[in-house]
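A.B. asks: What follows is a single structure, and I will ask about it in a moment.
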Amino acid sequence: MATLAETEAPQAKAAELSYLVGAWRAFGLQWALYRHIWNGTVFTSVFLPILYMISIGIGVGSYIDPGATGGLTYAEFIAPGLICSVAVMMLGNDMVYPVFGGYHEWGGGYLHQRSTPLRPVDILNGHLAYAVIFRPFTSCTVVAIVLAFFGVYTSWWAALAVIAAFGVSAALAPWLHAWCSSLKNDAMLNSVYRFAIMPISLFSGVFFPAEQMPGFLQPLVWISPLWHGTELARAATAGAATALPPVAHLAYLVALAIGGWFLARRVIARRLSF
Amino acid sequence: MSAAASILHSMPIRDEILIRARDLRKSYGEYEAVKGVDFEIKRGEAFGFLGANGAGKSTTMRMIGCVSQPSGGTMEVFGLDPHTDGPAIRSRLGVVPQDNTLDGMLTVVENMTVYAGYFGIKRKQAKAKAAELLEFVQLTARSEDQVSDLSGGMQRRLAIARSLINEPDLVILDEPTTGLDPQARHLVWERLFQLKEQGTSILLTTHYMDEAEQLCDRLVVMDEGLIIASGSPRELIDTHVTKEVVEVRFSGIHTTDLHDIAEKLEGIGAQIEPLPDRILVYTDDADATAIAIEARGIHPTSQLARRATLEDVFLRLTGRALVEDE
Amino acid sequence: MSVIAYAAARTSFKRSGSLLHRNWIAMRRAWVLIVSGAFESLLFLFAFGFGVGALVGDITLPGGETISYTAYVAPAILANAAMMGVLAETSINVFAKFKWMKLYDGILNTPLRPWEVALGEVWWALIRGGIYVAMFVAVMGAFGLLDSWWAILAVPACVFISLAFAGIGLTLATLFRDWPDFDLMMAFVFVMFLFGGTFTPVEAYPEFVQPIVYVMPLFHGIELVRGISLGQFGPMMLVHVAYLCALAIGGTWIAQRRLSKALYK
């Protein structure tokens with residue numbers, strides 16, 4: 001029988017398995033799945049934000065005086081937020097049910113990956129690579145390009161909004177992963193949408209300036225990665241001034257991403273050791 | 001080179017020990033799933049863990065697959081330490097879990113190639129290997145179907161094919177035919193037997209005695225986290241029970257009354273085992289035993305003489321549980 | 001004759017009640033989810049009613065009156081909540097029970113008939129929907145969005161909307177093959193939510209879109225609830241009621257037929 005190169009010297013090979021290679025191999029599953037489901041996600045990832053733009057941005061926007069949104073037209077105001085919201089909505093697709101299902105025989109992704117040379121951290125990184133890198137850079141890019149036809153950008157810097165969306169995704173994804181990995185009951189998955197995805201999408205300064213919210217809710221806005229991302233994206237698409245220096249917004253997103261990753265790594269290692 | 005020399009040359013390989021466990025333990029909080037077991041599995045053999053549900057078989061399997069850390073004792077798999085070399089060990093294992101863990105969203109062939117990717121097998125090679133293995137488990141015609149459309153037996157065969165994608169040194173199967181209909185079971189057995197013939201080392205757990213008898217060269221009987229017997233199926237039968245068994249039934253008579261009858265049978269055969277619905281008489285000569293029973297003036301509704309099986313071994317070894325039930 | 005019909009109906013109600021009981025037992029452990037179901041709609045109310053509402057200020061209706069945008073949007077979100085609650089319960093949950101949990105196969109071994117199963121699921125959906133709506137109206141009242149006591153009528157109106165969508169939901173549950181179909185339904189729901197007259201008066205839409213909006217069931221629900229909560233009763237209300245009635249009767253009838261066909265394989 002022809003021997004496979006990898007099984008020849010498995011000790012050496014597997015021991016050297018770098019995070020990058022491990023993540024890439026685990027990503028293979030997400031990619032194969034994506035080829036089956038991509039058409040089902042086009043609505044949420046591309047059409048829904050566009051429909052929001054038409055209904056709210058233009059429809060409701062026609063009743064709004066630009067003075068209320070810092071001199072921007074309402075469509076200009078919400079466009080960057082919509083791009084970043086897509087990242088959050090995609091996480092709702094990719095980091096909730098698929099994570100929970102990974103540990104169960106009906107989904108089983110993580111369980112069968114676990115019986116291969118992949119380590120729990122590789123399984124985590126593979127899934128994150130899909131949700132945080134692949135998804136935002138495809139979906140958010142498409143949305144950003146379509147929104148350009150609405151004439152809501154002031155310069156080519158608008159392209160950076162996609163990077164901001166990626167930042168939002170990176171900051172939020174590991175936390176969702178850790179949360180959904182800890183859930184014992186699938187009935188609780190709804191609460192992830194209800195108490196995380198939805199409030200974050202609606203109250204992060206996407207549809208109205210966050211300062212409008214009552215003072216006691218302001219801290220919730222500050223912790224929301226979508227708010228930080230939207231501030232950055234709005235600076236990119238409309239040249240608006242950010243609430244904090246851009247570096248501060250960026251630093252927060254990076255800190256959240258790193259902290260979340262360490263947490264998620266601990267949780268998945270625990271869940272996949274029996 | 002002479003034939004003798006080449007045999008000598010192959011000897012150490014045949015005796016190579018793949019897994020060695022000493023006083024292996026696993027507890028979950030207060031509950032001790034595995035209470036200190038020793039076993040060795042050699043290259044080329046088919047080794048079985050036989051036991052009822054909850055005997056600690058699956059836990060032991062998980063420890064071998066390095067996804068569960070032992071709470072005590074030592075274990076070596078391929079001469080490596082599962083604690084530190086999990087990935088290296090798993091790269092040489094083929095695992096067929098009890099619940100298959102196939103991906104229902106993917107097609108049959110995608111389940112194979114995606115899995116191959118985890119071992120770093122190149123795409124082209126993976127495709128060729130997948131085709132070869134699907135042929136082996138007779139699923140070639142279903143290559144492009146969704147896994148969710150396959151029957152239980154087909155899914156199990158696919159899981160077996162998937163576990164072979166990395167040409168493993170050892171295939172471990174947890175309850176390979178549980179939940180399958182007789183026809184599907186035989187198809188799985190046939191494939192596993194063929195693997196064994198090809199020299200693949202196999203480790204399986206089962207609670208089916210016939211499965212263990214058919215497939216295993218050597219097996220251990222587990223009960224409540226301990227190994228209570230080990231050997232080849234033949235050795236186990238020879239050691240723990242007689243060659244033949246006579247099953248004696250009385251219609252309308254149960255448990256306590258059967259005990260009374262059993263007492264009357266005392267002295268016939270090597271051992272009398274009253275069960276809730278029948279009495280087993282262990283003997284080396286079934287015909288003589290049947291005559292002896294009649295001679296005592298006892299007239300059973302039916303008498304069935306048969307060869308002793310692993311089922312009887314299990315019953316004899318764990319029989320006390322059955323007695324306690326009354 | 002009528003006595004027999006009455007007795008049969010009574011048995012049907014009793015039997016469908018036993019399914020209700022089963023759902024109640026099953027969901028008791030997840031009561032947080034039931035109660036917090038209204039939470040999502042409230043989030044929309046706060047975000048669009050108050051958040052965006054503050055940007056808009058007042059809005060002038062096609063009739064000429066001027067009201068606050070918040071008061072304009074709130075009833076529409078309420079109607080949407082009534083629809084969403086019942087659709088989620090009847091379509092997704094029934095589909096799951098039917099396809100994966102094989103719940104009905106077990107139930108049909110008892111004296112229950114498919115029609116009674118359908119009825120039981122509708123009751124259950126209405127009760128859940130009713131709870132959401134009542135909570136929502138209470139919040140609207142607390143924020144001064146109800147003009148008069150007549151606005152309490154919005155609660156039965158919403159239960160009526162729920163009933164209209166219950167049949168559709170059940171029918172869809174029998175039509176679904178897998179989750180992607182469910183995504184498709186959600187796509188339609190979102191389109192209705194965004195373009196069914198929720199956020200802006202339909203009269204402000206481009207001419208060619210308006211007829212499409214008038215066909216949407218949600219539009220009639222929204223107009224009904226909005227009319228009630230703003231205290232504007234008119235002949236158009238009868239049209240909305242008739243449309244929703246037809247939907248309720250037609251939907252439930254198709255649903256029970258399809259359900260018995262699917263269950264008595």
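Following the order of the structure tokens, chains are lettered A, B, ..., residues in each are numbered from 1, and ligands are numbered from 1.
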Write out as JSON lines a residue-level contact list of chain C versus chain B with cut-off 12 Å: for each qualifying residue the closest pair of atoms and the distance in Å to one decimal, counting only C-alpha atoms, rows sorted by chain and residue number upward.

C.D. replies:
{"residue": "C:Asp178", "atom": "CA", "partner": "B:Met105", "partner_atom": "CA", "distance": 10.8}
{"residue": "C:Trp179", "atom": "CA", "partner": "B:Met105", "partner_atom": "CA", "distance": 11.0}
{"residue": "C:Pro180", "atom": "CA", "partner": "B:Met105", "partner_atom": "CA", "distance": 11.6}

A.B. asks: Would you list which chain B residues are within 10 Å of chain A using only C-alpha atoms, as a PyMOL selection string?

C.D. replies: chain B and resi 28+59+62-63+65-70+78+80+84-107+110-111+113-122+125-126+129+159+163+165-169

A.B. asks: Give me, as CSV, the closest atom pair and its distance (Å, one decimal) for every residue of chain A within a cut-off of 6 Å of chain C, counting only C-alpha atoms, rows sorted by chain and rising number.

C.D. replies:
residue,atom,partner,partner_atom,distance
A:Gly40,CA,C:Pro180,CA,5.8
A:Ser55,CA,C:Leu194,CA,5.8
A:Tyr63,CA,C:Val56,CA,5.7
A:Ile64,CA,C:Val56,CA,4.9
A:Ala68,CA,C:Leu55,CA,5.9
A:Leu202,CA,C:Ala47,CA,6.0
A:Phe208,CA,C:Val52,CA,5.6

A.B. asks: Run DSSP on the backbone of this structure and report the residues of segment 38-196 of chain B it assigns to helix (DSSP H, G or I), as a ChimeraX atom specification.

C.D. replies: /B:57-64,82-90,108-118,123-136,140-142,147-149,152-163,182-196

A.B. asks: Counting only C-alpha atoms, what are the residues of segment 106-176 of chain C within 8 Å of segment 227-239 of chain C, and for each of them which pair of atoms is the nearest and at what distance in Å, to one decimal? Sort the table by chain and rising number, as a Markdown table.

C.D. replies:
| residue | atom | partner | partner_atom | distance |
| --- | --- | --- | --- | --- |
| C:Leu146 | CA | C:Ser229 | CA | 6.1 |
| C:Asp147 | CA | C:Leu230 | CA | 6.3 |
| C:Ser148 | CA | C:Gly231 | CA | 7.4 |
| C:Trp150 | CA | C:Ile228 | CA | 7.1 |
| C:Ala151 | CA | C:Ser229 | CA | 4.5 |
| C:Ile152 | CA | C:Ser229 | CA | 7.8 |
| C:Leu153 | CA | C:Ile228 | CA | 6.8 |
| C:Ala154 | CA | C:Ile228 | CA | 6.2 |

A.B. asks: Leaving out Ala131 of chain A and any residue of its chain fewer than 3 positions from it, which residues lie within 12 Å of it when counting only C-alpha atoms, given as a ChimeraX atom specification?

C.D. replies: /A:27,30-31,34,86-96,98-99,124-128,134-139,165-174,176-177

A.B. asks: Can you work out the spacing between atom CA of Thr242 of chain A and atom CA of Gly229 of chain A in Å, to one decimal?

C.D. replies: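 If I compute the distance from atom CA of Thr242 of chain A to atom CA of Gly229 of chain A, I get 10.2 Å.
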
A.B. asks: Need to verify the contact set: Val221 of chain B, 10 Å, only C-alpha atoms, exclusion of same-chain residues closer than 3 positions in sequence. Can you return it as a list in words?

C.D. replies: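 Contacts, with the query itself left out: Gly48, Phe49, Leu50, Gly51, Ala52, Ala55, Lys57, Thr205, Thr206, His207, Leu226, Ile227, Ile228, Ala229, Ser230, Gly231, Leu236, Leu310, Val313, Phe314, Leu317 and Thr318 of chain B.
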
A.B. asks: Suppose we keep C-alpha atoms; can you now write the selection as a PDB file, in the first residue's frame?

C.D. replies:
ATOM      1  CA  GLY B  48     -11.844  -6.453  22.293  1.00  0.00           C
ATOM      2  CA  PHE B  49     -13.276  -4.837  25.371  1.00  0.00           C
ATOM      3  CA  LEU B  50     -16.388  -6.773  26.240  1.00  0.00           C
ATOM      4  CA  GLY B  51     -18.804  -5.485  28.849  1.00  0.00           C
ATOM      5  CA  ALA B  52     -22.255  -4.192  29.624  1.00  0.00           C
ATOM      6  CA  ALA B  55     -18.595  -0.981  32.382  1.00  0.00           C
ATOM      7  CA  LYS B  57     -15.162   0.559  28.004  1.00  0.00           C
ATOM      8  CA  THR B 205     -15.580  -2.350  22.429  1.00  0.00           C
ATOM      9  CA  THR B 206     -18.816  -4.244  22.318  1.00  0.00           C
ATOM     10  CA  HIS B 207     -21.572  -5.556  24.457  1.00  0.00           C
ATOM     11  CA  LEU B 226     -12.476  -3.551  36.280  1.00  0.00           C
ATOM     12  CA  ILE B 227     -11.128  -6.256  34.006  1.00  0.00           C
ATOM     13  CA  ILE B 228     -12.560  -9.502  35.326  1.00  0.00           C
ATOM     14  CA  ALA B 229     -11.193 -11.905  32.735  1.00  0.00           C
ATOM     15  CA  SER B 230      -8.955 -11.943  29.669  1.00  0.00           C
ATOM     16  CA  GLY B 231      -7.847 -14.294  26.924  1.00  0.00           C
ATOM     17  CA  LEU B 236     -12.327 -17.751  28.151  1.00  0.00           C
ATOM     18  CA  LEU B 310     -19.044 -15.830  25.580  1.00  0.00           C
ATOM     19  CA  VAL B 313     -18.838 -16.625  30.291  1.00  0.00           C
ATOM     20  CA  PHE B 314     -20.196 -13.172  30.949  1.00  0.00           C
ATOM     21  CA  LEU B 317     -18.519 -13.952  35.736  1.00  0.00           C
ATOM     22  CA  THR B 318     -21.054 -11.276  36.532  1.00  0.00           C
TER      23      THR B 318
END

A.B. asks: Using only C-alpha atoms, which protein or nucleic acid residues come within 10 Å of Ala184 of chain B? Drop anything in the same chain fewer than 3 positions from it, and give the result as an MDAnalysis selection string.

C.D. replies: chainID B and resid 151:154 156:157 177 179:181 187:190

A.B. asks: So that I can check the surroundings of Thr171 of chain C, please list as a VMD selection string every protein, DNA and RNA residue that reaches within 9 Å of it, counting only C-alpha atoms and ignoring chain neighbours fewer than 6 positions away.

C.D. replies: chain C and resid 90 to 91 251 to 252 254 to 259

A.B. asks: Export C-alpha atoms of the chosen residues as a short mmCIF file (atom, residue, chain, number, x, y, z; two decimals), in the first residue's frame?

C.D. replies:
data_model
loop_
_atom_site.label_atom_id
_atom_site.label_comp_id
_atom_site.auth_asym_id
_atom_site.auth_seq_id
_atom_site.Cartn_x
_atom_site.Cartn_y
_atom_site.Cartn_z
CA THR C 90 -45.85 27.51 14.79
CA SER C 91 -43.30 27.19 12.03
CA GLY C 251 -54.46 29.29 6.77
CA THR C 252 -55.69 27.07 9.57
CA ILE C 254 -54.92 24.34 4.84
CA ALA C 255 -52.64 23.68 7.79
CA GLN C 256 -54.81 20.99 9.34
CA ARG C 257 -55.28 19.30 5.97
CA ARG C 258 -51.58 19.25 5.29
CA LEU C 259 -50.79 18.15 8.81
#

A.B. asks: Of the candidates B:Gly73, B:Leu170, B:Asp210, B:Arg123, which shows the shortest atom-to-atom distance to Arg185 of chain B, using only C-alpha atoms?

C.D. replies: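 Using only C-alpha atoms, the shortest distance to Arg185 of chain B belongs to B:Asp210.
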
A.B. asks: According to DSSP computed on the backbone, where in segment 2-251 of chain C is there strand (DSSP E or B)? Give the residues as a list in words.

C.D. replies: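 Secondary structure check on segment 2-251 of chain C, strand (DSSP E or B): Asp58, Ile59, Thr60, Thr66, Ile67 and Ser68 of chain C.
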